[in-house]
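Chemist: Sharing data.csv here; it has CSV, C-alpha atoms.
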```csv
chain,number,residue,atom,x,y,z
A,7,MET,CA,99.5,18.5,148.9
A,8,SER,CA,100.2,14.8,149.2
A,9,TRP,CA,96.9,13.8,150.8
A,10,TYR,CA,97.4,10.1,150.7
A,11,GLN,CA,101.0,10.3,152.0
A,12,MET,CA,99.9,12.5,154.9
A,13,HIS,CA,97.2,10.0,155.9
A,14,ARG,CA,99.6,7.1,155.6
A,15,CYS,CA,102.2,8.7,157.7
A,16,VAL,CA,99.8,9.6,160.5
A,17,TYR,CA,98.1,6.2,160.4
A,18,ASP,CA,101.4,4.4,160.5
A,19,TRP,CA,102.5,6.5,163.5
A,20,VAL,CA,99.3,5.8,165.4
A,21,ARG,CA,99.4,2.1,164.6
A,22,ALA,CA,103.1,1.8,165.6
A,23,GLY,CA,102.2,2.5,169.1
A,24,GLU,CA,99.3,0.2,169.4
A,25,VAL,CA,99.3,-3.3,170.6
A,26,ASN,CA,99.0,-6.1,168.1
A,27,SER,CA,100.7,-4.0,165.4
A,28,GLY,CA,103.9,-5.9,165.0
A,29,GLU,CA,106.2,-3.4,166.6
A,30,GLY,CA,104.4,-3.2,169.9
A,31,GLY,CA,104.4,-0.2,172.1
A,32,ASP,CA,107.9,1.0,171.2
A,33,GLY,CA,107.2,1.5,167.5
A,34,ARG,CA,106.9,5.2,167.6
A,35,ALA,CA,110.3,5.8,169.1
A,36,GLY,CA,112.2,5.4,165.8
A,37,PHE,CA,109.5,6.5,163.5
A,38,ASP,CA,110.9,7.9,160.3
A,39,VAL,CA,108.8,10.7,158.9
A,40,GLY,CA,111.3,11.0,156.1
A,41,ALA,CA,110.0,7.9,154.5
A,42,TYR,CA,106.9,9.7,153.4
A,43,GLU,CA,106.5,12.2,150.6
A,44,LEU,CA,105.2,15.1,152.6
A,45,THR,CA,105.0,18.8,151.8
A,46,ASP,CA,106.8,21.1,154.2
A,47,GLU,CA,103.5,22.1,155.8
A,48,GLU,CA,102.5,18.5,156.3
A,49,ARG,CA,105.9,17.6,157.8
A,50,LYS,CA,105.7,20.6,160.1
A,51,ALA,CA,102.2,19.6,161.3
A,52,PHE,CA,103.5,16.1,162.1
A,53,GLU,CA,106.7,17.3,163.9
A,54,ASN,CA,104.7,19.9,165.9
A,55,LYS,CA,101.8,17.6,166.7
A,56,ASP,CA,99.7,20.4,165.3
A,57,ILE,CA,96.1,19.2,165.4
A,58,GLY,CA,94.8,22.4,163.9
A,59,ALA,CA,97.1,22.2,160.9
A,60,PHE,CA,96.1,18.6,160.3
A,61,TYR,CA,92.5,19.7,160.3
A,62,ARG,CA,93.1,22.5,157.9
A,63,LEU,CA,95.1,20.1,155.6
A,64,GLY,CA,92.1,17.8,155.4
A,65,LEU,CA,93.3,14.9,157.5
A,66,HIS,CA,90.3,12.5,157.9
A,67,GLU,CA,88.4,13.3,161.1
A,68,VAL,CA,88.5,9.7,162.4
A,69,LEU,CA,92.3,9.8,162.0
A,70,ILE,CA,92.5,13.2,163.8
A,71,ASN,CA,90.6,11.6,166.7
A,72,ARG,CA,92.9,8.7,166.9
A,73,TYR,CA,96.0,10.8,166.4
A,74,ALA,CA,94.9,13.3,169.1
A,75,ARG,CA,94.4,10.5,171.6
A,76,ALA,CA,97.8,8.9,170.7
A,77,ALA,CA,99.5,12.2,170.9
A,78,GLY,CA,98.2,12.9,174.4
A,79,TYR,CA,95.5,15.5,173.7
A,80,ALA,CA,92.4,15.3,175.8
A,81,ARG,CA,89.2,15.6,173.8
A,82,ASP,CA,88.3,18.9,175.5
A,83,ASP,CA,91.7,20.2,174.6
A,84,TYR,CA,91.5,19.4,171.0
A,85,ARG,CA,88.0,20.8,170.7
A,86,LYS,CA,89.5,24.1,172.0
A,87,ILE,CA,92.1,24.0,169.2
A,88,LEU,CA,89.6,23.1,166.5
A,89,GLU,CA,86.6,25.2,167.5
A,90,PRO,CA,87.9,28.4,166.0
A,91,LEU,CA,88.3,26.6,162.7
A,92,GLY,CA,84.7,25.6,162.4
A,93,GLY,CA,82.1,27.6,160.5
A,94,LYS,CA,78.6,28.3,161.5
A,95,GLU,CA,76.1,25.7,160.2
A,96,GLU,CA,73.3,27.3,158.2
A,97,ARG,CA,71.7,24.1,156.8
A,98,LYS,CA,68.9,22.3,158.6
A,99,GLY,CA,68.1,18.6,158.8
A,100,ARG,CA,64.6,17.3,158.2
A,101,TRP,CA,64.3,16.5,161.9
A,102,GLN,CA,64.9,20.1,162.9
A,103,LYS,CA,61.9,22.2,163.7
B,2,MET,CA,66.7,-23.4,159.7
B,3,ALA,CA,68.1,-20.7,162.0
B,4,GLU,CA,65.8,-18.2,163.6
B,5,ILE,CA,66.8,-14.7,164.7
B,6,VAL,CA,65.7,-14.9,168.3
B,7,LEU,CA,67.2,-11.6,169.4
B,8,ALA,CA,67.7,-8.4,167.4
B,9,TYR,CA,68.9,-5.1,168.8
B,10,CYS,CA,71.1,-2.1,168.2
B,11,SER,CA,73.2,-0.3,170.7
B,12,SER,CA,75.5,2.7,170.6
B,13,HIS,CA,79.2,1.8,171.1
B,14,ALA,CA,81.0,4.8,172.4
B,15,PRO,CA,84.3,3.5,173.8
B,16,MET,CA,83.9,5.5,177.0
B,17,MET,CA,81.0,3.2,178.0
B,18,SER,CA,83.9,0.8,178.9
B,19,SER,CA,86.8,3.1,179.4
B,20,ALA,CA,85.0,5.9,181.4
B,21,ARG,CA,81.9,4.1,182.5
B,22,LEU,CA,81.6,6.1,185.7
B,23,ALA,CA,82.0,9.4,184.0
B,24,ALA,CA,78.3,9.2,182.9
B,25,PRO,CA,75.7,10.4,185.4
B,26,GLU,CA,74.4,7.5,187.4
B,27,GLU,CA,70.8,7.6,186.2
B,28,GLN,CA,71.9,7.7,182.5
B,29,ARG,CA,74.4,4.9,183.2
B,30,ASN,CA,71.8,2.7,184.9
B,31,ASN,CA,69.3,3.3,182.1
B,32,PHE,CA,71.7,2.5,179.3
B,33,PHE,CA,73.4,-0.5,180.9
B,34,GLY,CA,70.0,-1.7,182.2
B,35,ALA,CA,68.8,-2.0,178.6
B,36,LEU,CA,72.0,-4.0,177.7
B,37,ASP,CA,71.5,-6.2,180.8
B,38,HIS,CA,67.9,-6.9,179.5
B,39,VAL,CA,69.1,-8.1,176.1
B,40,ARG,CA,71.9,-10.2,177.7
B,41,GLU,CA,69.3,-11.9,179.9
B,42,GLN,CA,67.2,-12.5,176.9
B,43,ALA,CA,70.1,-14.0,175.0
B,44,VAL,CA,70.6,-16.5,177.8
B,45,GLU,CA,66.9,-17.2,178.2
B,46,ARG,CA,66.5,-17.8,174.4
B,47,GLY,CA,69.6,-20.0,174.1
B,48,VAL,CA,71.5,-17.9,171.6
B,49,GLU,CA,74.1,-20.0,169.9
B,50,ALA,CA,75.9,-17.4,167.9
B,51,CYS,CA,75.7,-13.7,167.2
B,52,VAL,CA,76.2,-11.6,164.1
B,53,VAL,CA,77.4,-8.1,165.0
B,54,LEU,CA,77.4,-5.3,162.5
B,55,SER,CA,79.6,-2.3,163.2
B,56,ASN,CA,81.8,0.1,161.3
B,57,GLU,CA,85.5,0.4,160.4
B,58,HIS,CA,87.6,2.9,162.2
B,59,TYR,CA,90.8,2.4,160.2
B,60,THR,CA,91.5,-0.6,162.3
B,61,ASN,CA,91.5,-3.3,159.6
B,62,PHE,CA,91.5,-1.3,156.4
B,63,PHE,CA,93.2,1.8,155.1
B,64,LEU,CA,93.1,4.0,152.0
B,65,GLU,CA,94.7,1.4,149.7
B,66,ASN,CA,91.7,-0.9,150.0
B,67,PHE,CA,88.5,0.1,151.9
B,68,PRO,CA,85.6,-2.3,151.5
B,69,GLN,CA,82.0,-1.0,152.0
B,70,ILE,CA,81.1,-4.3,153.8
B,71,CYS,CA,83.5,-7.0,155.1
B,72,ILE,CA,82.4,-10.2,156.6
B,73,GLY,CA,84.6,-12.0,159.1
B,74,LEU,CA,84.8,-15.6,158.0
B,75,GLY,CA,87.5,-16.7,160.4
B,76,GLU,CA,87.4,-19.3,163.1
B,77,LYS,CA,88.5,-16.6,165.5
B,78,ASN,CA,89.1,-12.9,165.6
B,79,TRP,CA,91.2,-10.7,167.9
B,80,GLY,CA,90.0,-7.9,170.1
B,81,PRO,CA,89.8,-5.4,171.4
B,82,THR,CA,92.6,-3.6,169.5
B,83,GLU,CA,92.7,-0.5,171.7
B,84,GLU,CA,95.3,-0.9,174.4
B,85,TRP,CA,93.3,1.5,176.6
B,86,LEU,CA,90.0,-0.3,176.4
B,87,PRO,CA,89.5,-2.2,179.7
B,88,ILE,CA,88.2,-5.4,178.2
B,89,ASP,CA,90.5,-8.4,178.2
B,90,LYS,CA,92.3,-8.9,174.9
B,91,VAL,CA,91.3,-12.4,173.7
B,92,TRP,CA,90.7,-14.5,170.7
B,93,ILE,CA,87.0,-14.5,170.1
B,94,PRO,CA,85.5,-17.6,168.4
B,95,GLY,CA,84.0,-17.0,165.0
B,96,HIS,CA,81.4,-19.1,163.3
B,97,ALA,CA,82.9,-20.0,160.0
B,98,GLY,CA,79.8,-21.9,158.8
B,99,LEU,CA,77.3,-19.1,159.4
B,100,ALA,CA,79.8,-16.5,158.1
B,101,ASN,CA,80.5,-18.3,154.9
B,102,HIS,CA,76.8,-18.9,154.4
B,103,ILE,CA,76.1,-15.2,154.8
B,104,ALA,CA,78.8,-14.2,152.4
B,105,THR,CA,77.7,-16.8,149.8
B,106,TYR,CA,74.0,-15.9,150.2
B,107,THR,CA,74.5,-12.1,149.9
B,108,LEU,CA,76.9,-12.6,146.9
B,109,ASN,CA,74.1,-14.6,145.2
B,110,HIS,CA,71.5,-11.9,146.0
B,111,GLY,CA,73.0,-8.7,144.6
B,112,PHE,CA,75.7,-7.7,147.0
B,113,ASP,CA,79.5,-7.9,146.8
B,114,PRO,CA,80.8,-8.1,150.4
B,115,ALA,CA,84.5,-8.4,151.0
B,116,PHE,CA,85.7,-11.0,153.4
B,117,SER,CA,88.5,-11.5,156.0
B,118,HIS,CA,89.7,-14.6,157.7
B,119,GLN,CA,91.1,-12.6,160.6
B,120,LEU,CA,89.7,-9.3,161.7
B,121,GLU,CA,90.9,-7.1,164.5
B,122,LEU,CA,87.9,-6.0,166.5
B,123,ASP,CA,88.0,-2.5,168.0
B,124,HIS,CA,85.6,-0.8,170.4
B,125,GLY,CA,83.0,-0.7,167.6
B,126,ILE,CA,82.1,-4.4,168.1
B,127,MET,CA,83.9,-5.2,171.4
B,128,THR,CA,82.0,-2.8,173.7
B,129,VAL,CA,78.6,-4.2,172.7
B,130,TYR,CA,79.7,-7.8,172.3
B,131,TYR,CA,81.2,-7.7,175.7
B,132,GLU,CA,78.0,-6.5,177.2
B,133,LEU,CA,76.2,-9.4,175.4
B,134,ASP,CA,78.6,-12.0,176.7
B,135,GLN,CA,81.2,-11.1,179.3
B,136,THR,CA,82.8,-14.5,179.0
B,137,MET,CA,83.5,-13.6,175.3
B,138,LYS,CA,82.9,-17.2,174.3
B,139,LEU,CA,79.7,-16.7,172.3
B,140,PRO,CA,80.6,-17.4,168.6
B,141,LEU,CA,80.7,-14.1,166.8
B,142,VAL,CA,80.3,-13.3,163.1
B,143,PRO,CA,81.6,-9.7,162.7
B,144,ILE,CA,80.5,-7.6,159.8
B,145,VAL,CA,82.2,-4.2,159.4
B,146,GLN,CA,80.7,-1.5,157.2
B,147,ASN,CA,82.3,1.6,155.9
B,148,CYS,CA,80.6,4.5,157.8
B,149,ALA,CA,83.5,6.9,157.6
B,150,VAL,CA,85.4,7.2,154.4
B,151,PRO,CA,83.6,8.6,151.3
B,152,PRO,CA,82.3,7.5,149.0
B,153,LEU,CA,79.9,5.7,151.4
B,154,VAL,CA,77.3,3.1,150.5
B,155,PRO,CA,73.9,4.9,150.5
B,156,VAL,CA,71.9,4.3,153.6
B,157,ARG,CA,69.1,2.6,151.5
B,158,ARG,CA,71.7,0.1,150.3
B,159,ALA,CA,72.7,-0.6,153.8
B,160,TYR,CA,69.1,-1.3,154.7
B,161,GLU,CA,68.7,-3.6,151.6
B,162,PHE,CA,71.9,-5.4,152.6
B,163,GLY,CA,70.3,-6.0,156.0
B,164,LYS,CA,67.3,-7.5,154.3
B,165,ALA,CA,69.6,-10.0,152.5
B,166,LEU,CA,71.5,-10.6,155.7
B,167,GLY,CA,68.3,-11.5,157.6
B,168,GLU,CA,67.3,-13.8,154.8
B,169,ALA,CA,70.7,-15.4,154.9
B,170,ILE,CA,70.6,-16.1,158.6
B,171,ARG,CA,67.1,-17.5,158.4
B,172,ALA,CA,68.2,-19.8,155.6
B,173,TYR,CA,71.1,-21.3,157.5
B,174,THR,CA,70.7,-24.8,158.6
B,175,GLY,CA,73.7,-25.2,160.9
B,176,LEU,CA,72.3,-23.3,163.9
B,177,GLN,CA,68.8,-22.7,165.4
B,178,ARG,CA,69.1,-19.5,167.4
B,179,VAL,CA,71.1,-16.5,166.3
B,180,ALA,CA,71.3,-13.0,167.7
B,181,LEU,CA,71.6,-10.1,165.3
B,182,VAL,CA,73.2,-6.9,166.7
B,183,GLY,CA,73.9,-3.5,165.3
B,184,ALA,CA,76.6,-1.4,167.1
B,185,GLY,CA,77.2,2.3,166.5
B,186,GLY,CA,75.6,5.8,166.5
B,187,LEU,CA,73.6,7.7,167.5
B,188,SER,CA,74.6,11.4,167.0
B,189,HIS,CA,78.2,12.3,167.7
B,190,TRP,CA,81.1,14.2,166.3
B,191,ILE,CA,84.7,13.2,166.4
B,192,GLY,CA,87.9,14.8,165.2
B,193,ASN,CA,86.4,18.1,164.3
B,194,PRO,CA,85.3,21.4,166.0
B,195,ARG,CA,82.0,20.0,167.2
B,196,VAL,CA,83.5,17.0,169.1
B,197,GLY,CA,81.4,16.6,172.2
B,198,ASP,CA,78.1,17.8,170.8
B,199,ILE,CA,75.1,15.6,170.7
B,200,ASP,CA,72.0,16.2,168.6
B,201,GLU,CA,69.2,15.0,170.9
B,202,GLU,CA,66.5,16.1,168.5
B,203,PHE,CA,67.9,13.9,165.7
B,204,ASP,CA,68.4,10.9,168.0
B,205,ARG,CA,64.8,11.0,169.2
B,206,TRP,CA,63.5,11.6,165.7
B,207,PHE,CA,65.5,8.6,164.4
B,208,LEU,CA,64.4,6.3,167.1
B,209,GLN,CA,60.8,7.3,166.5
B,210,ARG,CA,61.2,6.5,162.8
B,211,LEU,CA,62.4,3.0,163.7
B,212,GLU,CA,59.5,2.6,166.2
B,213,ARG,CA,56.9,3.8,163.7
B,214,GLY,CA,58.4,2.0,160.7
B,215,GLU,CA,58.7,5.3,158.8
B,216,LEU,CA,62.0,4.5,157.3
B,217,ASP,CA,61.5,6.1,154.0
B,218,GLN,CA,62.1,9.4,155.8
B,219,VAL,CA,65.5,8.1,156.7
B,220,LEU,CA,66.5,6.0,153.7
B,221,ASP,CA,66.6,8.9,151.2
B,222,MET,CA,68.9,11.0,153.4
B,223,PRO,CA,72.1,12.1,151.6
B,224,ASP,CA,75.3,11.9,153.5
B,225,SER,CA,75.5,15.7,153.6
B,226,GLU,CA,72.3,15.8,155.7
B,227,ILE,CA,73.2,12.8,157.8
B,228,GLU,CA,76.3,14.7,158.8
B,229,LEU,CA,74.3,17.5,160.3
B,230,ALA,CA,73.9,15.2,163.3
B,231,GLY,CA,77.6,14.4,163.4
B,232,ASN,CA,80.2,12.7,161.3
B,233,GLY,CA,79.6,9.7,163.6
B,234,ASN,CA,76.0,9.6,162.6
B,235,HIS,CA,77.0,7.7,159.4
B,236,GLU,CA,77.0,4.7,161.8
B,237,MET,CA,73.2,4.7,161.4
B,238,ARG,CA,73.9,2.2,158.6
B,239,THR,CA,74.3,-0.6,161.2
B,240,TRP,CA,70.9,0.3,162.7
B,241,LEU,CA,69.3,0.4,159.3
B,242,ALA,CA,70.8,-2.9,158.3
B,243,VAL,CA,69.2,-4.5,161.4
B,244,ALA,CA,66.0,-2.7,160.6
B,245,GLY,CA,66.1,-4.2,157.1
B,246,ALA,CA,66.7,-7.7,158.5
B,247,MET,CA,63.8,-7.4,160.8
B,248,ALA,CA,61.3,-5.6,158.5
B,249,PRO,CA,58.3,-5.3,158.7
B,250,THR,CA,58.7,-5.6,162.5
B,251,THR,CA,59.4,-2.2,164.1
B,252,ALA,CA,61.7,-1.4,166.9
B,253,THR,CA,61.1,-0.6,170.5
B,254,THR,CA,63.5,1.9,172.2
B,255,LEU,CA,64.8,0.4,175.4
B,256,ALA,CA,67.0,3.4,176.4
B,257,TYR,CA,68.1,6.7,175.1
B,258,GLU,CA,70.5,8.9,177.0
B,259,PRO,CA,72.5,11.8,175.6
B,260,VAL,CA,75.6,11.1,177.6
B,261,TYR,CA,77.8,14.2,177.2
B,262,PRO,CA,80.8,12.7,179.1
B,263,TRP,CA,80.8,10.0,176.4
B,264,ILE,CA,80.2,12.5,173.6
B,265,THR,CA,77.4,10.4,172.2
B,266,GLY,CA,73.7,9.9,172.0
B,267,MET,CA,73.5,6.5,173.6
B,268,GLY,CA,70.6,4.4,172.4
B,269,VAL,CA,69.4,0.8,172.7
B,270,ALA,CA,66.5,-0.5,170.6
B,271,GLU,CA,65.1,-3.9,170.2
B,272,TRP,CA,63.1,-5.7,167.6
B,273,GLU,CA,60.5,-8.2,168.6
B,274,THR,CA,61.5,-11.7,167.4
B,275,GLY,CA,59.0,-14.0,169.0
B,276,GLY,CA,62.1,-16.0,170.0
B,277,GLY,CA,61.3,-16.3,173.7
B,278,GLY,CA,59.0,-19.3,173.7
B,279,ALA,CA,59.6,-22.5,175.6
B,280,GLU,CA,60.9,-24.3,172.5
B,281,THR,CA,63.8,-22.0,172.1
B,282,SER,CA,64.7,-21.6,175.8
B,283,ALA,CA,67.9,-23.1,177.0
B,284,THR,CA,69.7,-23.2,180.3
B,285,VAL,CA,73.0,-21.3,180.7
B,286,GLU,CA,74.7,-24.7,181.0
B,287,GLN,CA,73.4,-25.8,177.7
B,288,GLN,CA,74.4,-22.6,176.1
B,289,GLU,CA,77.9,-22.9,177.5
B,290,THR,CA,78.2,-26.4,176.2
B,291,ARG,CA,77.3,-25.3,172.7
B,292,ARG,CA,79.9,-22.5,172.9
B,293,GLU,CA,82.6,-24.9,174.0
B,294,GLU,CA,81.6,-27.2,171.1
B,295,SER,CA,81.9,-24.4,168.6
B,296,LEU,CA,85.5,-23.8,169.8
B,297,THR,CA,86.6,-27.3,169.1
```
Now that the file is in, can you turn its structure into structure tokens?
Modeler:
Amino acid sequence: MSWYQMHRCVYDWVRAGEVNSGEGGDGRAGFDVGAYELTDEERKAFENKDIGAFYRLGLHEVLINRYARAAGYARDDYRKILEPLGGKEERKGRWQK
Amino acid sequence: MAEIVLAYCSSHAPMMSSARLAAPEEQRNNFFGALDHVREQAVERGVEACVVLSNEHYTNFFLENFPQICIGLGEKNWGPTEEWLPIDKVWIPGHAGLANHIATYTLNHGFDPAFSHQLELDHGIMTVYYELDQTMKLPLVPIVQNCAVPPLVPVRRAYEFGKALGEAIRAYTGLQRVALVGAGGLSHWIGNPRVGDIDEEFDRWFLQRLERGELDQVLDMPDSEIELAGNGNHEMRTWLAVAGAMAPTTATTLAYEPVYPWITGMGVAEWETGGGGAETSATVEQQETRREESLT
């Protein structure tokens, strides 16, 4: 898995569509995913806008959040996608009675 | 010498700006009422500049180079970055004198902050700064901390940095009245299966620790435990830095509302500064004049 390349790819795509990022709002139109050394699974996740796959592949959660917004997922929608992937938390914090 | 005449922390969920009306009215009124209160105090106390600590959301830095702390030294910074945030995109005046002094002081006192001469300011700083000064002319020294990408600076270290930051501000001779602001937290989850959850029990416990000055119970928390109240809970570092700067003074909670439509435990807490006396009061007009001067 090319962890860094996957992050760089998603980050560049998100930034390409933001203001103040050089390319302005049209930057995503010609985005070249081939410029990144991704595995087939990573490329497929990107091409399919597959939030669940990105989560399984270890994409940083701050970046998942930004990607989801940029890709048009409402927060409730992406929670529904991710919820089945979460495990039950057994640990307790010191503030929990 | 400068005095910290106003010190507070506030949560910075972007929805407080972009989906303000999504919050129940009572929660909204309580939260913004607290921010109105500190804004009024800033005017009353003649705040000349503010130092705002927040956290990096992959806005300025990426995995090639990710500083734990970065101080904005520039004469101006741009924000907000997010196109969807309903705050005017403007150049915000910095305060190069104070910022360089903070950087130099902390470098000489055991810390190694990075610096930037031009930062992009996202919702992390902009939401809270805007509520402090809706004209966005108050000179701002932004400090961004790494609260997201491991390895993270330990929370005790963030607290100690805050102590040095407080000393630095108080040793600065170029201004008299400075506001110190922490922006971020409280409990929230983003980008994972628990997005939307809030840990009210943690939030109330944390605020109580700040009020009682029982920070040792917080400062030895490992990141794995902090995350039990959400990956966004790492932003407690901004609160702890302000607590460090203001120690031994303890905090007073002005508002706490678990705002589920904003997916965040929204808190505002203030530290008593003794900065409200007649000697430090200034009219709005005087304050505006100082801001204009700082821009020239």
Chemist: Name the residues in contact with A:Ala80 at a cut-off of 12 Å, using all atoms listed in the file, excluding same-chain residues fewer than 4 positions from it; report them as a PyMOL selection string.
Modeler: (chain A and resi 57+71-76+84-87) or (chain B and resi 192+196-197)
Chemist: Which is closest to chain B among A:Phe60, A:Val39, A:Met12, A:Glu24, if we use all atoms listed in the file?
Modeler: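 Of A:Phe60, A:Val39, A:Met12, A:Glu24, the one nearest chain B, counting all atoms listed in the file, is A:Glu24.
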Chemist: For chain A, which residue among B:Met247, B:Ala230, B:Ile5, B:Ala165 is the nearest when counting only C-alpha atoms?
Modeler: B:Ala230
Chemist: Find the residues in chain B near chain A: any atom within 7 Å counts, using only C-alpha atoms. Write them as a PyMOL selection string.
Modeler: chain B and resi 58+82+84+191-196+202-203+206+226+229
Chemist: Skip A:Gln11 itself and residues of its chain fewer than 4 positions away, then list as a compact mmCIF listing (two decimals) with C-alpha atoms, keeping the file's coordinate frame all residues within 9 Å of it, counting only C-alpha atoms.
Modeler:
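Saved to result00.txt:
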```
# COMPACT_ATOMS: atom_id res chain seq x y z
CA MET A 7 99.50 18.50 148.90
CA CYS A 15 102.20 8.70 157.70
CA VAL A 16 99.80 9.60 160.50
CA TYR A 42 106.90 9.70 153.40
CA GLU A 43 106.50 12.20 150.60
CA LEU A 44 105.20 15.10 152.60
```
Chemist: So how far away is atom CA of B:Asp37 from atom CA of B:Glu132, in Å?
Modeler: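 According to the coordinates, atom CA of B:Glu132 and atom CA of B:Asp37 are separated by 7.4 Å.
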Chemist: List the spatial neighbours of B:Val129 as number ranges by chain - criterion: any atom at most 10 Å away, all atoms listed in the file, same-chain residues fewer than 3 positions off excluded.
Modeler: B: 10-15, 17-18, 36, 53, 55, 124-126, 132-135, 182-185
Chemist: Just to confirm, what's the straight-line distance from atom CA of B:Gln209 to atom CA of B:Ile227 in Å (one decimal)?
Modeler: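 So the two atoms, atom CA of B:Gln209 and atom CA of B:Ile227, lie 16.1 Å apart.
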Chemist: Could you check how far atom CA of B:Arg210 sits from atom CA of B:Asn234, in Å to one decimal?
Modeler: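 Separation between atom CA of B:Arg210 and atom CA of B:Asn234: 15.1 Å.
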Chemist: Once N, CA and C atoms are restored for stretch 176-196 of chain B, what would the output be as a JSON list (two decimals), in the frame of the given file?
Modeler:
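Result saved to result.json:
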```json
[["chain", "number", "residue", "atom", "x", "y", "z"],
["B", 176, "LEU", "N", 72.57, -23.82, 162.55],
["B", 176, "LEU", "CA", 72.30, -23.30, 163.90],
["B", 176, "LEU", "C", 70.75, -23.14, 163.98],
["B", 177, "GLN", "N", 70.28, -22.96, 165.21],
["B", 177, "GLN", "CA", 68.80, -22.70, 165.40],
["B", 177, "GLN", "C", 68.55, -21.31, 165.92],
["B", 178, "ARG", "N", 69.43, -20.79, 166.75],
["B", 178, "ARG", "CA", 69.10, -19.50, 167.40],
["B", 178, "ARG", "C", 70.25, -18.54, 167.33],
["B", 179, "VAL", "N", 70.01, -17.48, 166.61],
["B", 179, "VAL", "CA", 71.10, -16.50, 166.30],
["B", 179, "VAL", "C", 70.60, -15.12, 166.80],
["B", 180, "ALA", "N", 71.54, -14.37, 167.35],
["B", 180, "ALA", "CA", 71.30, -13.00, 167.70],
["B", 180, "ALA", "C", 71.85, -12.08, 166.62],
["B", 181, "LEU", "N", 71.10, -11.04, 166.26],
["B", 181, "LEU", "CA", 71.60, -10.10, 165.30],
["B", 181, "LEU", "C", 71.70, -8.71, 166.00],
["B", 182, "VAL", "N", 72.88, -8.13, 165.92],
["B", 182, "VAL", "CA", 73.20, -6.90, 166.70],
["B", 182, "VAL", "C", 73.78, -5.87, 165.81],
["B", 183, "GLY", "N", 73.32, -4.64, 165.97],
["B", 183, "GLY", "CA", 73.90, -3.50, 165.30],
["B", 183, "GLY", "C", 74.61, -2.63, 166.36],
["B", 184, "ALA", "N", 75.83, -2.19, 166.08],
["B", 184, "ALA", "CA", 76.60, -1.40, 167.10],
["B", 184, "ALA", "C", 77.07, -0.11, 166.40],
["B", 185, "GLY", "N", 76.73, 1.03, 167.04],
["B", 185, "GLY", "CA", 77.20, 2.30, 166.50],
["B", 185, "GLY", "C", 76.20, 3.41, 166.80],
["B", 186, "GLY", "N", 76.50, 4.63, 166.29],
["B", 186, "GLY", "CA", 75.60, 5.80, 166.50],
["B", 186, "GLY", "C", 75.36, 6.04, 167.97],
["B", 187, "LEU", "N", 74.44, 6.85, 168.33],
["B", 187, "LEU", "CA", 73.60, 7.70, 167.50],
["B", 187, "LEU", "C", 74.42, 8.98, 167.19],
["B", 188, "SER", "N", 73.87, 10.17, 167.40],
["B", 188, "SER", "CA", 74.60, 11.40, 167.00],
["B", 188, "SER", "C", 75.89, 11.55, 167.78],
["B", 189, "HIS", "N", 76.96, 11.86, 167.09],
["B", 189, "HIS", "CA", 78.20, 12.30, 167.70],
["B", 189, "HIS", "C", 79.17, 12.81, 166.69],
["B", 190, "TRP", "N", 80.06, 13.61, 167.17],
["B", 190, "TRP", "CA", 81.10, 14.20, 166.30],
["B", 190, "TRP", "C", 82.45, 13.81, 166.87],
["B", 191, "ILE", "N", 83.37, 13.47, 165.97],
["B", 191, "ILE", "CA", 84.70, 13.20, 166.40],
["B", 191, "ILE", "C", 85.72, 13.89, 165.45],
["B", 192, "GLY", "N", 86.86, 14.30, 165.99],
["B", 192, "GLY", "CA", 87.90, 14.80, 165.20],
["B", 192, "GLY", "C", 87.64, 16.12, 164.47],
["B", 193, "ASN", "N", 86.68, 16.87, 164.96],
["B", 193, "ASN", "CA", 86.40, 18.10, 164.30],
["B", 193, "ASN", "C", 85.89, 19.15, 165.38],
["B", 194, "PRO", "N", 85.60, 20.38, 164.96],
["B", 194, "PRO", "CA", 85.30, 21.40, 166.00],
["B", 194, "PRO", "C", 84.08, 21.15, 166.82],
["B", 195, "ARG", "N", 83.24, 20.25, 166.43],
["B", 195, "ARG", "CA", 82.00, 20.00, 167.20],
["B", 195, "ARG", "C", 82.15, 18.76, 168.11],
["B", 196, "VAL", "N", 83.34, 18.23, 168.26],
["B", 196, "VAL", "CA", 83.50, 17.00, 169.10],
["B", 196, "VAL", "C", 82.91, 17.33, 170.49]]
```
